[in-house]
file my_file03.pdb (PDB, C-alpha atoms)
ATOM      1  CA  MET A   1      17.591  15.838  -8.820
ATOM      2  CA  LYS A   2      17.053  12.259  -9.939
ATOM      3  CA  GLU A   3      13.842  13.138 -11.768
ATOM      4  CA  ALA A   4      15.530  16.108 -13.472
ATOM      5  CA  VAL A   5      18.354  13.880 -14.722
ATOM      6  CA  LYS A   6      15.879  11.267 -15.958
ATOM      7  CA  ALA A   7      13.865  13.919 -17.788
ATOM      8  CA  VAL A   8      16.871  15.270 -19.689
ATOM      9  CA  LEU A   9      19.078  12.242 -20.375
ATOM     10  CA  PRO A  10      18.327   9.063 -22.308
ATOM     11  CA  THR A  11      17.685   6.086 -19.990
ATOM     12  CA  SER A  12      20.997   4.376 -20.764
ATOM     13  CA  VAL A  13      22.997   7.522 -19.989
ATOM     14  CA  ALA A  14      20.969   8.228 -16.833
ATOM     15  CA  ASN A  15      21.597   4.660 -15.638
ATOM     16  CA  GLN A  16      25.334   5.089 -16.199
ATOM     17  CA  TYR A  17      25.223   8.362 -14.269
ATOM     18  CA  PHE A  18      23.431   6.773 -11.298
ATOM     19  CA  GLU A  19      25.801   3.797 -11.321
ATOM     20  CA  LEU A  20      28.834   6.107 -11.311
ATOM     21  CA  ARG A  21      27.313   8.213  -8.550
ATOM     22  CA  GLY A  22      26.771   5.056  -6.490
ATOM     23  CA  LYS A  23      30.378   3.940  -7.001
ATOM     24  CA  ILE A  24      31.652   7.352  -5.916
ATOM     25  CA  ARG A  25      29.501   7.206  -2.769
ATOM     26  CA  LEU A  26      30.732   3.688  -2.022
ATOM     27  CA  GLN A  27      34.366   4.799  -2.329
ATOM     28  CA  LYS A  28      33.727   7.379   0.394
ATOM     29  CA  VAL A  29      32.753   4.707   2.922
ATOM     30  CA  PRO A  30      35.702   4.162   5.262
ATOM     31  CA  VAL A  31      37.347   0.735   5.164
ATOM     32  CA  ARG A  32      37.487  -0.969   8.530
ATOM     33  CA  ALA A  33      39.815  -3.811   9.352
ATOM     34  CA  PHE A  34      38.926  -6.413  11.945
ATOM     35  CA  ASP A  35      40.475  -9.551  13.349
ATOM     36  CA  THR A  36      38.982 -12.625  11.688
ATOM     37  CA  ARG A  37      40.899 -15.248  13.662
ATOM     38  CA  ASP A  38      37.917 -15.952  15.910
ATOM     39  CA  LEU A  39      35.586 -16.585  12.983
ATOM     40  CA  ARG A  40      35.004 -20.219  12.146
ATOM     41  CA  THR A  41      34.811 -21.518   8.625
ATOM     42  CA  LEU A  42      31.439 -22.651   7.353
ATOM     43  CA  SER A  43      32.816 -25.085   4.815
ATOM     44  CA  SER A  44      30.908 -27.961   6.401
ATOM     45  CA  VAL A  45      27.566 -26.138   6.136
ATOM     46  CA  ASP A  46      25.529 -26.425   2.938
ATOM     47  CA  LEU A  47      24.344 -22.824   2.717
ATOM     48  CA  SER A  48      22.392 -23.357  -0.489
ATOM     49  CA  SER A  49      20.148 -25.913   1.210
ATOM     50  CA  GLY A  50      18.254 -23.166   3.003
ATOM     51  CA  VAL A  51      16.867 -21.608  -0.149
ATOM     52  CA  SER A  52      15.279 -24.861  -1.289
ATOM     53  CA  ASP A  53      14.189 -26.113   2.151
ATOM     54  CA  PRO A  54      10.352 -26.341   2.254
ATOM     55  CA  ASP A  55      10.284 -25.866   6.045
ATOM     56  CA  ILE A  56      12.249 -22.636   5.772
ATOM     57  CA  ALA A  57       9.986 -21.496   2.928
ATOM     58  CA  LYS A  58       6.929 -22.089   5.121
ATOM     59  CA  THR A  59       8.343 -20.226   8.120
ATOM     60  CA  TRP A  60       9.484 -17.433   5.778
ATOM     61  CA  GLU A  61       5.936 -16.983   4.480
ATOM     62  CA  GLU A  62       4.599 -16.687   8.029
ATOM     63  CA  ASP A  63       7.376 -14.402   9.261
ATOM     64  CA  HIS A  64       7.310 -12.314   6.088
ATOM     65  CA  ARG A  65       3.598 -11.625   6.589
ATOM     66  CA  ALA A  66       4.274 -10.534  10.166
ATOM     67  CA  ILE A  67       7.206  -8.338   9.113
ATOM     68  CA  SER A  68       5.214  -6.827   6.246
ATOM     69  CA  ALA A  69       2.452  -5.856   8.654
ATOM     70  CA  HIS A  70       4.935  -3.511  10.349
ATOM     71  CA  CYS A  71       7.240  -2.532   7.490
ATOM     72  CA  ARG A  72       6.598  -1.366   3.964
ATOM     73  CA  GLU A  73       6.772  -4.201   1.478
ATOM     74  CA  GLY A  74       8.634  -4.190  -1.808
ATOM     75  CA  GLU A  75      12.025  -3.041  -2.933
ATOM     76  CA  LEU A  76      13.076   0.169  -1.266
ATOM     77  CA  ASN A  77      15.574   2.698  -2.538
ATOM     78  CA  MET A  78      18.985   1.650  -1.197
ATOM     79  CA  GLY A  79      17.262  -1.246   0.614
ATOM     80  CA  VAL A  80      17.260  -5.026   0.435
ATOM     81  CA  ASN A  81      15.087  -6.522  -2.288
ATOM     82  CA  PRO A  82      12.528  -9.225  -1.380
ATOM     83  CA  GLY A  83      14.545 -12.097  -2.882
ATOM     84  CA  ASP A  84      17.617 -11.115  -0.898
ATOM     85  CA  ARG A  85      15.497 -10.896   2.265
ATOM     86  CA  LEU A  86      14.524 -14.538   1.792
ATOM     87  CA  ALA A  87      18.146 -15.521   1.148
ATOM     88  CA  ILE A  88      19.342 -13.728   4.297
ATOM     89  CA  TYR A  89      16.531 -15.331   6.318
ATOM     90  CA  ALA A  90      17.431 -18.813   5.032
ATOM     91  CA  LEU A  91      21.139 -18.222   5.641
ATOM     92  CA  ILE A  92      20.506 -17.262   9.270
ATOM     93  CA  LEU A  93      18.372 -20.351   9.875
ATOM     94  CA  VAL A  94      20.877 -22.720   8.230
ATOM     95  CA  VAL A  95      23.833 -21.299  10.160
ATOM     96  CA  ALA A  96      21.869 -21.307  13.436
ATOM     97  CA  ALA A  97      20.870 -24.943  12.897
ATOM     98  CA  ALA A  98      24.478 -25.886  12.114
ATOM     99  CA  GLU A  99      25.582 -24.314  15.388
ATOM    100  CA  GLY A 100      22.820 -26.050  17.324
ATOM    101  CA  ALA A 101      21.091 -22.815  18.298
TER     102      ALA A 101
END

call {"tool": "encode", "arguments": {"input": "my_file03.pdb", "output": "structure tokens"}}
result
Amino acid sequence: MKEAVKAVLPTSVANQYFELRGKIRLQKVPVRAFDTRDLRTLSSVDLSSGVSDPDIAKTWEEDHRAISAHCREGELNMGVNPGDRLAIYALILVVAAAEGA
């Protein structure tokens, strides 16, 4: 279907169509409430430090190679792009270090 839409519509209109379709799908996802009282604040943790930390960058390169050996590399449809993977990785390491894990 996606290829048929792309073949018929101009790129800008097709992009608007796919964006609208994504919003409609997102609206169908049920909202779940949960109790946040047990969650601690991370205001004392400098989350941005992880992205620029050379040690984290080095371990990311090693771990990313290992992960890529088992999983397809690159941006996947409806997946997490490579830059966001690094950010998530750094965030986990910074929060774990702050908690003394």

call {"tool": "atom_distance", "arguments": {"input": "my_file03.pdb", "atom1": "CA of Ala98 in chain A", "atom2": "CA of Leu86 in chain A"}}
result
18.3 Å

call {"tool": "atom_distance", "arguments": {"input": "my_file03.pdb", "atom1": "CA of Ile56 in chain A", "atom2": "CA of Leu39 in chain A"}}
result
25.2 Å

call {"tool": "closest_residue", "arguments": {"input": "my_file03.pdb", "among": "A:Lys2, A:Asn81, A:Val45, A:Tyr89", "to": "Lys58 in chain A", "atoms": "all atoms listed in the file"}}
result
A:Tyr89

call {"tool": "atom_distance", "arguments": {"input": "my_file03.pdb", "atom1": "CA of Ala69 in chain A", "atom2": "CA of Leu93 in chain A"}}
result
21.6 Å

call {"tool": "axis_aligned_box", "arguments": {"input": "my_file03.pdb", "around": "range 9-27 of chain A", "padding_each_side": "4 Å", "output": "JSON"}}
result
{"center_x": 26.0, "center_y": 8.0, "center_z": -12.2, "size_x": 24.7, "size_y": 16.6, "size_z": 28.3}

call {"tool": "resolve_selection", "arguments": {"input": "my_file03.pdb", "expression": "the PyMOL selection byres ((chain A and resi 53) around 12)", "output": "list in words"}}
result
Asp46, Leu47, Ser48, Ser49, Gly50, Val51, Ser52, Pro54, Asp55, Ile56, Ala57, Lys58, Thr59, Trp60, Leu86, Ala87, Tyr89, Ala90, Leu91, Leu93 and Val94 of chain A

call {"tool": "residues_around", "arguments": {"input": "my_file03.pdb", "residues": "Ala14 in chain A", "least_positions_apart": "6", "cutoff": "10 Å", "atoms": "only C-alpha atoms", "output": "VMD selection string"}}
result
chain A and resid 2 5 to 8 20
